[in-house]
Amino acid sequence: MSDKPKKPQKLKARQPRGFVDRSPADIRAADAMMAKIREVYERYGFDPVETPMVEYTDALGKFLPDQDRPNEGVFSFADDDEQWLSLRYDLTAPLARHVAENMQAINLPYRTYRAGWVFRNEKPGPGRFRQFMQFDADTVGAPGVAADAEMAMMMADTMEALGIKRGDYVVRVNNRKVLDGVMEAIGVTDEGQKLAVLRAIDKLDKFGVEGVRLLLGEGRRDESGDFTKGAGLDEAQLRVAAGYHRILSYLWRKPLTIKVYKKYLRLWAKLEKLPAKIELGLDELEEIRKLVREAGYGPDHIRIDPSVVRGLEYYTGPVYECELTFPVVNEDGETVRFGSVAGGGRYDGLVKRFTGQDVPATGFSIGVSRLMTALKNLGKLDADTVQAPVLVTVMDRDTEALGRYQRFTQDLRNAGIRAEMFQGNPKDFARQLRYADRRGCPLAIIQGSNEQAEGVVIVKDLIEGRAQAAAIASNAEWRAARVAQVSVPVNGLVAKVKEMLAAQGAPMNQKHPLCPAGHLPTRGDRMAPAFPHSGNS
């Protein structure tokens, strides 16, 4: 038996889990959306900056696990000098590194925005991807809460610039000083347990009061039988935490004054005077409330909401998120609120890791993909209005003829008309027209030897031709009718094409906003533990 050489195995085309290809329509819609966001940021005096997708792993912060290979949560690899590098998982940690590295050259306060791809090495699922786009804005070097108030106002202005009307969104603001004071009152000092408590409280809108109580204790088992480990509070802590949680459930999503917030906190703590940290947090919230009201933003734009948790370790003051309030139908056919599409807060200690100096900072992130989904639900997502190109067909293949066809194509392009010369096999002219039809081309330019001898070109209206051809019975009749085409002198080609495109209603001289590749998601979920103000979607 002879050994036959094995056929090489065909490579299987497959997409990595958690990553997606984007269509031209998706890309153009995202570009148009981000152009509107960028206009708002620029109007507020923010400037763009771009950082690389790869950072030294230690620059990403203590939020990574302490392992030989830091592969939990991030995509990492060792450099040739045996230093660990990671794909960035948000845009905030790289900004902190950039500011620290360029502190002497940067003019503080530093007001900047960035759009970019971020990567999460986590299990993908419905609506959760390993690569997604964020669009961030940050102010570094401004210690006062006026900078936080401005962030909340900019969030509101961004939503309205995107066509999300008042009442369909709200920017909700709380303060981590209040939440940290509550943790101290409960007697929770371990950072991991703090985060678990905050994540549990954050599930109020999802699981209700009883569900959160379970998560504050041993844990909660859902309808499918899956068990989520809880924060592990003991009975005494649980009673105190549950009392605070009852306050949240009562005040949740109601227009709220600081006076009322203080009243309920005092009742909960059974104190005449609240702890200093809580008082300071409430005072900062009151200042934000006054600033945004003075600027014309009412509680239908921006409101104080004690249920905003945002459990990231480095938030030190005001935290805020933009929630879309209009109902949508989920995968199960249930009508639900859309939820958060942007969030952030004050992180005064992040730059200090590099400099040893206090450098206050505040900022927020928009999840591009999640926000695009919201705009699609509202019918506000810009459609792909880019006109398919005019097709210059190829009737003759000699160099002289190809030169003429290329000149026609360039003349159209130079006039601001999207055009392409057919680059496939030109033997079968019908194939060229089928290509134009599949491409959605509005017009075809045709010049054979007879037209060339007469000094003319044929301009064929493919859109009108399709409509007329439906009423023609035979190929012979179709040829005789010369459906929807005109003959024009070569020097009148551009003018005639413009005229026919205008009659079709096609956009002319299109200019499309370009955005550097790179989240939107957003805050895809309201709590992305161990990651800065950012989001998956």
# chains A, B, ... in the order shown; residues from 1 in each chain; ligands from 1

call {"tool": "residues_around", "arguments": {"residues": "Asp348 of chain A", "least_positions_apart": "4", "cutoff": "7 Å", "atoms": "only C-alpha atoms", "output": "PyMOL selection string"}}
result
chain A and resi 316+358-361

call {"tool": "write_last_selection", "arguments": {"atoms": "all heavy atoms", "output": "short mmCIF file (atom, residue, chain, number, x, y, z; two decimals), in the first residue's frame"}}
result
data_model
loop_
_atom_site.label_atom_id
_atom_site.label_comp_id
_atom_site.auth_asym_id
_atom_site.auth_seq_id
_atom_site.Cartn_x
_atom_site.Cartn_y
_atom_site.Cartn_z
N THR A 316 -13.30 58.52 44.15
CA THR A 316 -13.06 59.18 45.43
C THR A 316 -14.09 60.24 45.76
O THR A 316 -14.06 60.80 46.86
CB THR A 316 -11.68 59.84 45.42
OG1 THR A 316 -11.62 60.80 44.35
CG2 THR A 316 -10.57 58.81 45.23
N ASP A 358 -0.67 64.48 44.64
CA ASP A 358 -2.11 64.49 44.43
C ASP A 358 -2.42 65.23 43.13
O ASP A 358 -2.06 66.39 42.96
CB ASP A 358 -2.82 65.17 45.60
CG ASP A 358 -2.82 64.31 46.85
OD1 ASP A 358 -2.98 63.09 46.72
OD2 ASP A 358 -2.64 64.87 47.95
N VAL A 359 -3.08 64.54 42.21
CA VAL A 359 -3.49 65.15 40.94
C VAL A 359 -4.97 64.83 40.76
O VAL A 359 -5.32 63.73 40.34
CB VAL A 359 -2.67 64.62 39.75
CG1 VAL A 359 -3.11 65.31 38.46
CG2 VAL A 359 -1.18 64.81 39.99
N PRO A 360 -5.85 65.76 41.10
CA PRO A 360 -7.28 65.48 41.00
C PRO A 360 -7.71 65.28 39.55
O PRO A 360 -7.14 65.86 38.63
CB PRO A 360 -7.93 66.74 41.60
CG PRO A 360 -6.92 67.81 41.40
CD PRO A 360 -5.58 67.15 41.53
N ALA A 361 -8.71 64.45 39.35
CA ALA A 361 -9.20 64.17 37.99
C ALA A 361 -10.63 63.69 38.05
O ALA A 361 -11.07 63.08 39.03
CB ALA A 361 -8.32 63.13 37.31
#

call {"tool": "residues_around", "arguments": {"residues": "Ala137 of chain A", "least_positions_apart": "2", "cutoff": "6 Å", "atoms": "only C-alpha atoms", "output": "count of residues only"}}
result
4

call {"tool": "residues_around", "arguments": {"residues": "segment 389-400 of chain A", "least_positions_apart": "4", "cutoff": "7 Å", "atoms": "only C-alpha atoms", "output": "list in words"}}
result
Arg404, Tyr405, Thr409, Arg418, Ala419, Glu420, Met421, Phe422, Pro426, Gln432, Ala436, Cys441, Pro442, Leu443, Ala444, Ile445, Ile446, Gln447 and Gly448 of chain A

call {"tool": "closest_atom_pairs", "arguments": {"of": "segment 298-409 of chain A", "to": "segment 95-105 of chain A", "cutoff": "9 Å", "atoms": "only C-alpha atoms", "output": "Markdown table"}}
result
| residue | atom | partner | partner_atom | distance |
| --- | --- | --- | --- | --- |
| A:Leu350 | CA | A:Ala96 | CA | 6.4 |
| A:Val351 | CA | A:Ala96 | CA | 5.0 |
| A:Lys352 | CA | A:Ala100 | CA | 8.1 |
| A:Arg353 | CA | A:Ala96 | CA | 8.8 |
| A:Phe354 | CA | A:Ala100 | CA | 6.1 |
| A:Thr355 | CA | A:Ala100 | CA | 6.2 |

call {"tool": "atom_distance", "arguments": {"atom1": "atom CA of Glu284 of chain A", "atom2": "atom CA of Pro143 of chain A"}}
result
11.7 Å

call {"tool": "select_by_dssp", "arguments": {"residues": "segment 241-291 of chain A", "states": "alpha helix (DSSP H)", "output": "short mmCIF file (atom, residue, chain, number, x, y, z; two decimals) with all heavy atoms, in the first residue's frame"}}
result
data_model
loop_
_atom_site.label_atom_id
_atom_site.label_comp_id
_atom_site.auth_asym_id
_atom_site.auth_seq_id
_atom_site.Cartn_x
_atom_site.Cartn_y
_atom_site.Cartn_z
N ALA A 241 -27.04 47.36 56.91
CA ALA A 241 -27.01 47.53 55.46
C ALA A 241 -28.42 47.48 54.88
O ALA A 241 -28.76 48.25 53.97
CB ALA A 241 -26.15 46.44 54.82
N ALA A 242 -29.25 46.58 55.40
CA ALA A 242 -30.61 46.46 54.90
C ALA A 242 -31.41 47.73 55.19
O ALA A 242 -32.24 48.16 54.38
CB ALA A 242 -31.30 45.25 55.53
N GLY A 243 -31.12 48.35 56.33
CA GLY A 243 -31.78 49.62 56.64
C GLY A 243 -31.42 50.70 55.63
O GLY A 243 -32.28 51.45 55.16
N TYR A 244 -30.12 50.77 55.31
CA TYR A 244 -29.70 51.75 54.30
C TYR A 244 -30.34 51.42 52.95
O TYR A 244 -30.78 52.31 52.22
CB TYR A 244 -28.18 51.75 54.17
CG TYR A 244 -27.66 52.65 53.08
CD1 TYR A 244 -27.73 54.03 53.20
CD2 TYR A 244 -27.12 52.11 51.92
CE1 TYR A 244 -27.27 54.85 52.18
CE2 TYR A 244 -26.66 52.93 50.90
CZ TYR A 244 -26.73 54.30 51.04
OH TYR A 244 -26.28 55.12 50.03
N HIS A 245 -30.42 50.15 52.67
CA HIS A 245 -30.97 49.75 51.39
C HIS A 245 -32.45 50.10 51.28
O HIS A 245 -32.95 50.45 50.21
CB HIS A 245 -30.76 48.26 51.16
CG HIS A 245 -31.12 47.82 49.79
ND1 HIS A 245 -32.23 47.09 49.51
CD2 HIS A 245 -30.52 48.06 48.59
CE1 HIS A 245 -32.32 46.86 48.21
NE2 HIS A 245 -31.29 47.43 47.64
N ARG A 246 -33.17 50.01 52.40
CA ARG A 246 -34.58 50.42 52.39
C ARG A 246 -34.70 51.90 52.06
O ARG A 246 -35.63 52.32 51.37
CB ARG A 246 -35.23 50.10 53.73
CG ARG A 246 -35.65 48.64 53.88
CD ARG A 246 -36.58 48.43 55.05
NE ARG A 246 -35.90 48.68 56.33
CZ ARG A 246 -35.21 47.77 57.00
NH1 ARG A 246 -35.09 46.55 56.50
NH2 ARG A 246 -34.63 48.07 58.13
N ILE A 247 -33.74 52.70 52.55
CA ILE A 247 -33.74 54.13 52.20
C ILE A 247 -33.59 54.29 50.69
O ILE A 247 -34.31 55.05 50.04
CB ILE A 247 -32.60 54.87 52.93
CG1 ILE A 247 -32.85 54.86 54.43
CG2 ILE A 247 -32.46 56.29 52.42
CD1 ILE A 247 -31.69 55.43 55.23
N LEU A 248 -32.63 53.55 50.13
CA LEU A 248 -32.40 53.65 48.69
C LEU A 248 -33.65 53.26 47.91
O LEU A 248 -34.01 53.91 46.93
CB LEU A 248 -31.25 52.74 48.26
CG LEU A 248 -29.85 53.09 48.74
CD1 LEU A 248 -28.83 52.22 47.99
CD2 LEU A 248 -29.52 54.55 48.51
N SER A 249 -34.31 52.18 48.35
CA SER A 249 -35.48 51.72 47.62
C SER A 249 -36.61 52.75 47.69
O SER A 249 -37.43 52.85 46.78
CB SER A 249 -35.96 50.37 48.17
OG SER A 249 -36.37 50.49 49.51
N TYR A 250 -36.63 53.54 48.76
CA TYR A 250 -37.66 54.57 48.90
C TYR A 250 -37.31 55.81 48.06
O TYR A 250 -38.17 56.40 47.41
CB TYR A 250 -37.83 54.97 50.37
CG TYR A 250 -38.86 56.07 50.57
CD1 TYR A 250 -40.22 55.78 50.48
CD2 TYR A 250 -38.46 57.38 50.82
CE1 TYR A 250 -41.16 56.79 50.65
CE2 TYR A 250 -39.39 58.39 50.98
CZ TYR A 250 -40.74 58.09 50.89
OH TYR A 250 -41.66 59.08 51.04
N LEU A 251 -36.03 56.19 48.08
CA LEU A 251 -35.61 57.41 47.39
C LEU A 251 -35.27 57.16 45.92
O LEU A 251 -35.04 58.11 45.18
CB LEU A 251 -34.38 58.00 48.09
CG LEU A 251 -34.55 58.39 49.56
CD1 LEU A 251 -33.22 58.89 50.11
CD2 LEU A 251 -35.63 59.46 49.71
N ILE A 258 -30.94 67.53 48.83
CA ILE A 258 -29.94 67.08 49.81
C ILE A 258 -30.54 67.09 51.21
O ILE A 258 -30.21 66.24 52.05
CB ILE A 258 -28.69 67.98 49.75
CG1 ILE A 258 -28.07 67.88 48.35
CG2 ILE A 258 -27.67 67.56 50.79
CD1 ILE A 258 -27.69 66.48 47.94
N LYS A 259 -31.45 67.99 51.47
CA LYS A 259 -32.10 68.06 52.78
C LYS A 259 -32.83 66.74 53.08
O LYS A 259 -32.72 66.18 54.19
CB LYS A 259 -33.09 69.22 52.82
CG LYS A 259 -33.74 69.43 54.18
CD LYS A 259 -34.64 70.66 54.15
CE LYS A 259 -35.29 70.88 55.52
NZ LYS A 259 -36.18 72.08 55.49
N VAL A 260 -33.55 66.24 52.08
CA VAL A 260 -34.27 64.97 52.26
C VAL A 260 -33.29 63.81 52.38
O VAL A 260 -33.45 62.91 53.22
CB VAL A 260 -35.25 64.74 51.08
CG1 VAL A 260 -35.83 63.32 51.12
CG2 VAL A 260 -36.36 65.77 51.11
N TYR A 261 -32.24 63.83 51.56
CA TYR A 261 -31.21 62.78 51.60
C TYR A 261 -30.59 62.72 53.01
O TYR A 261 -30.46 61.66 53.61
CB TYR A 261 -30.16 63.10 50.54
CG TYR A 261 -29.25 61.95 50.14
CD1 TYR A 261 -28.30 62.14 49.14
CD2 TYR A 261 -29.33 60.69 50.71
CE1 TYR A 261 -27.46 61.11 48.72
CE2 TYR A 261 -28.50 59.66 50.31
CZ TYR A 261 -27.56 59.88 49.32
OH TYR A 261 -26.73 58.86 48.93
N LYS A 262 -30.25 63.89 53.55
CA LYS A 262 -29.66 63.95 54.90
C LYS A 262 -30.64 63.42 55.94
O LYS A 262 -30.26 62.68 56.85
CB LYS A 262 -29.28 65.39 55.24
CG LYS A 262 -27.96 65.86 54.68
CD LYS A 262 -27.60 67.22 55.24
CE LYS A 262 -26.23 67.68 54.74
NZ LYS A 262 -25.84 68.98 55.32
N LYS A 263 -31.88 63.81 55.80
CA LYS A 263 -32.90 63.41 56.77
C LYS A 263 -32.96 61.89 56.88
O LYS A 263 -32.94 61.33 57.99
CB LYS A 263 -34.26 63.98 56.36
CG LYS A 263 -35.43 63.46 57.20
CD LYS A 263 -36.76 63.93 56.63
CE LYS A 263 -37.92 63.26 57.35
NZ LYS A 263 -39.23 63.65 56.75
N TYR A 264 -33.03 61.23 55.75
CA TYR A 264 -33.16 59.78 55.77
C TYR A 264 -31.88 59.10 56.23
O TYR A 264 -31.93 58.06 56.90
CB TYR A 264 -33.61 59.28 54.40
CG TYR A 264 -35.09 59.43 54.20
CD1 TYR A 264 -35.62 60.57 53.61
CD2 TYR A 264 -35.97 58.44 54.64
CE1 TYR A 264 -36.99 60.72 53.44
CE2 TYR A 264 -37.33 58.58 54.48
CZ TYR A 264 -37.85 59.72 53.89
OH TYR A 264 -39.20 59.87 53.75
N LEU A 265 -30.74 59.68 55.90
CA LEU A 265 -29.48 59.10 56.37
C LEU A 265 -29.38 59.22 57.90
O LEU A 265 -28.90 58.30 58.58
CB LEU A 265 -28.30 59.80 55.71
CG LEU A 265 -28.02 59.39 54.26
CD1 LEU A 265 -26.97 60.29 53.63
CD2 LEU A 265 -27.58 57.93 54.18
N ARG A 266 -29.85 60.33 58.45
CA ARG A 266 -29.82 60.49 59.90
C ARG A 266 -30.76 59.51 60.58
O ARG A 266 -30.45 58.94 61.63
CB ARG A 266 -30.20 61.93 60.28
CG ARG A 266 -29.06 62.93 60.04
CD ARG A 266 -29.53 64.35 60.28
NE ARG A 266 -28.48 65.32 60.00
CZ ARG A 266 -28.70 66.55 59.60
NH1 ARG A 266 -29.96 66.98 59.42
NH2 ARG A 266 -27.70 67.37 59.38
N LEU A 267 -31.93 59.33 59.98
CA LEU A 267 -32.87 58.36 60.53
C LEU A 267 -32.27 56.96 60.51
O LEU A 267 -32.41 56.19 61.46
CB LEU A 267 -34.18 58.38 59.74
CG LEU A 267 -35.08 59.59 59.96
CD1 LEU A 267 -36.25 59.57 58.98
CD2 LEU A 267 -35.61 59.62 61.40
N TRP A 268 -31.60 56.65 59.40
CA TRP A 268 -30.98 55.33 59.28
C TRP A 268 -29.88 55.14 60.31
O TRP A 268 -29.80 54.13 61.00
CB TRP A 268 -30.41 55.17 57.86
CG TRP A 268 -29.41 54.06 57.74
CD1 TRP A 268 -29.66 52.73 57.77
CD2 TRP A 268 -28.00 54.21 57.61
NE1 TRP A 268 -28.49 52.02 57.64
CE2 TRP A 268 -27.45 52.91 57.55
CE3 TRP A 268 -27.14 55.30 57.54
CZ2 TRP A 268 -26.10 52.69 57.42
CZ3 TRP A 268 -25.80 55.09 57.40
CH2 TRP A 268 -25.28 53.79 57.34
N ALA A 269 -29.01 56.19 60.43
CA ALA A 269 -27.88 56.08 61.35
C ALA A 269 -28.26 56.37 62.80
O ALA A 269 -27.47 56.16 63.71
CB ALA A 269 -26.77 57.04 60.92
N ALA A 276 -18.41 62.83 59.36
CA ALA A 276 -17.86 63.92 58.57
C ALA A 276 -17.75 63.55 57.09
O ALA A 276 -18.01 64.39 56.22
CB ALA A 276 -16.49 64.31 59.12
N LYS A 277 -17.37 62.30 56.80
CA LYS A 277 -17.21 61.92 55.39
C LYS A 277 -18.53 61.99 54.64
O LYS A 277 -18.60 62.47 53.50
CB LYS A 277 -16.63 60.50 55.30
CG LYS A 277 -16.37 60.04 53.87
CD LYS A 277 -15.70 58.68 53.81
CE LYS A 277 -14.24 58.77 54.21
NZ LYS A 277 -13.52 57.49 53.97
N ILE A 278 -19.60 61.53 55.30
CA ILE A 278 -20.92 61.59 54.66
C ILE A 278 -21.36 63.04 54.48
O ILE A 278 -21.87 63.42 53.43
CB ILE A 278 -21.95 60.79 55.47
CG1 ILE A 278 -21.62 59.29 55.42
CG2 ILE A 278 -23.36 61.04 54.95
CD1 ILE A 278 -22.56 58.41 56.21
N GLU A 279 -21.14 63.87 55.52
CA GLU A 279 -21.51 65.29 55.42
C GLU A 279 -20.77 65.97 54.26
O GLU A 279 -21.36 66.74 53.50
CB GLU A 279 -21.18 66.02 56.74
CG GLU A 279 -22.09 65.66 57.90
CD GLU A 279 -23.43 66.40 57.86
OE1 GLU A 279 -23.70 67.09 56.84
OE2 GLU A 279 -24.20 66.27 58.83
N LEU A 280 -19.48 65.67 54.12
CA LEU A 280 -18.70 66.27 53.05
C LEU A 280 -19.24 65.84 51.69
O LEU A 280 -19.38 66.66 50.77
CB LEU A 280 -17.23 65.88 53.17
CG LEU A 280 -16.28 66.41 52.09
CD1 LEU A 280 -16.32 67.92 52.01
CD2 LEU A 280 -14.86 65.91 52.33
N GLY A 281 -19.56 64.56 51.56
CA GLY A 281 -20.12 64.08 50.30
C GLY A 281 -21.44 64.74 49.96
O GLY A 281 -21.69 65.11 48.81
N LEU A 282 -22.28 64.92 50.97
CA LEU A 282 -23.58 65.57 50.74
C LEU A 282 -23.40 67.04 50.38
O LEU A 282 -24.12 67.58 49.52
CB LEU A 282 -24.46 65.42 51.97
CG LEU A 282 -24.93 63.99 52.29
CD1 LEU A 282 -25.61 63.94 53.65
CD2 LEU A 282 -25.87 63.48 51.20
N ASP A 283 -22.44 67.71 51.01
CA ASP A 283 -22.17 69.11 50.68
C ASP A 283 -21.71 69.25 49.22
O ASP A 283 -22.10 70.20 48.52
CB ASP A 283 -21.10 69.69 51.62
CG ASP A 283 -21.62 69.89 53.04
OD1 ASP A 283 -22.85 69.85 53.24
OD2 ASP A 283 -20.78 70.06 53.96
N GLU A 284 -20.86 68.31 48.78
CA GLU A 284 -20.41 68.34 47.38
C GLU A 284 -21.58 68.13 46.42
O GLU A 284 -21.67 68.79 45.37
CB GLU A 284 -19.33 67.29 47.15
CG GLU A 284 -18.01 67.62 47.83
CD GLU A 284 -16.96 66.54 47.62
OE1 GLU A 284 -17.29 65.47 47.08
OE2 GLU A 284 -15.79 66.78 48.01
N LEU A 285 -22.49 67.23 46.79
CA LEU A 285 -23.66 67.00 45.95
C LEU A 285 -24.53 68.25 45.87
O LEU A 285 -25.06 68.59 44.81
CB LEU A 285 -24.47 65.82 46.48
CG LEU A 285 -23.89 64.42 46.24
CD1 LEU A 285 -24.74 63.38 46.95
CD2 LEU A 285 -23.81 64.12 44.74
N GLU A 286 -24.68 68.94 47.00
CA GLU A 286 -25.48 70.16 47.01
C GLU A 286 -24.84 71.23 46.12
O GLU A 286 -25.55 71.96 45.40
CB GLU A 286 -25.65 70.67 48.44
CG GLU A 286 -26.39 72.00 48.57
CD GLU A 286 -27.83 71.94 48.08
OE1 GLU A 286 -28.35 70.83 47.81
OE2 GLU A 286 -28.45 73.02 47.96
N GLU A 287 -23.53 71.32 46.15
CA GLU A 287 -22.85 72.30 45.29
C GLU A 287 -23.06 71.96 43.82
O GLU A 287 -23.32 72.85 42.99
CB GLU A 287 -21.36 72.34 45.61
CG GLU A 287 -20.62 73.43 44.84
CD GLU A 287 -19.16 73.55 45.23
OE1 GLU A 287 -18.74 72.90 46.22
OE2 GLU A 287 -18.44 74.29 44.54
N ILE A 288 -22.97 70.68 43.47
CA ILE A 288 -23.24 70.27 42.09
C ILE A 288 -24.66 70.61 41.69
O ILE A 288 -24.92 71.14 40.60
CB ILE A 288 -22.97 68.76 41.92
CG1 ILE A 288 -21.47 68.47 42.03
CG2 ILE A 288 -23.51 68.26 40.58
CD1 ILE A 288 -21.13 66.99 42.07
N ARG A 289 -25.60 70.33 42.60
CA ARG A 289 -27.01 70.61 42.30
C ARG A 289 -27.21 72.10 42.01
O ARG A 289 -27.89 72.48 41.04
CB ARG A 289 -27.90 70.17 43.47
CG ARG A 289 -29.40 70.23 43.18
CD ARG A 289 -30.22 70.11 44.45
NE ARG A 289 -30.03 71.27 45.31
CZ ARG A 289 -30.66 72.43 45.15
NH1 ARG A 289 -31.51 72.60 44.15
NH2 ARG A 289 -30.44 73.43 45.98
N LYS A 290 -26.62 72.96 42.83
CA LYS A 290 -26.77 74.40 42.63
C LYS A 290 -26.14 74.85 41.32
O LYS A 290 -26.71 75.67 40.59
CB LYS A 290 -26.14 75.16 43.80
CG LYS A 290 -26.92 75.06 45.10
CD LYS A 290 -26.21 75.81 46.22
CE LYS A 290 -27.01 75.76 47.51
NZ LYS A 290 -26.30 76.44 48.63
N LEU A 291 -24.98 74.31 41.00
CA LEU A 291 -24.27 74.71 39.77
C LEU A 291 -25.07 74.33 38.52
O LEU A 291 -25.21 75.13 37.59
CB LEU A 291 -22.88 74.08 39.73
CG LEU A 291 -21.85 74.65 40.70
CD1 LEU A 291 -20.61 73.76 40.75
CD2 LEU A 291 -21.45 76.08 40.29
#

call {"tool": "residues_around", "arguments": {"residues": "segment 166-173 of chain A", "least_positions_apart": "5", "cutoff": "10 Å", "atoms": "only C-alpha atoms", "output": "number ranges by chain"}}
result
A: 148-149, 151-156, 159-160, 253, 285, 288-289, 299-309, 318-327, 338-345, 378

call {"tool": "closest_residue", "arguments": {"among": "A:Ala401, A:Gly424, A:Leu108, A:Ala374", "to": "Ala453 of chain A", "atoms": "only C-alpha atoms"}}
result
A:Ala401

call {"tool": "residues_around", "arguments": {"residues": "segment 217-228 of chain A", "least_positions_apart": "2", "cutoff": "10 Å", "atoms": "only C-alpha atoms", "output": "MDAnalysis selection string"}}
result
chainID A and resid 197 200 207 210:215 230:235 237:238 241
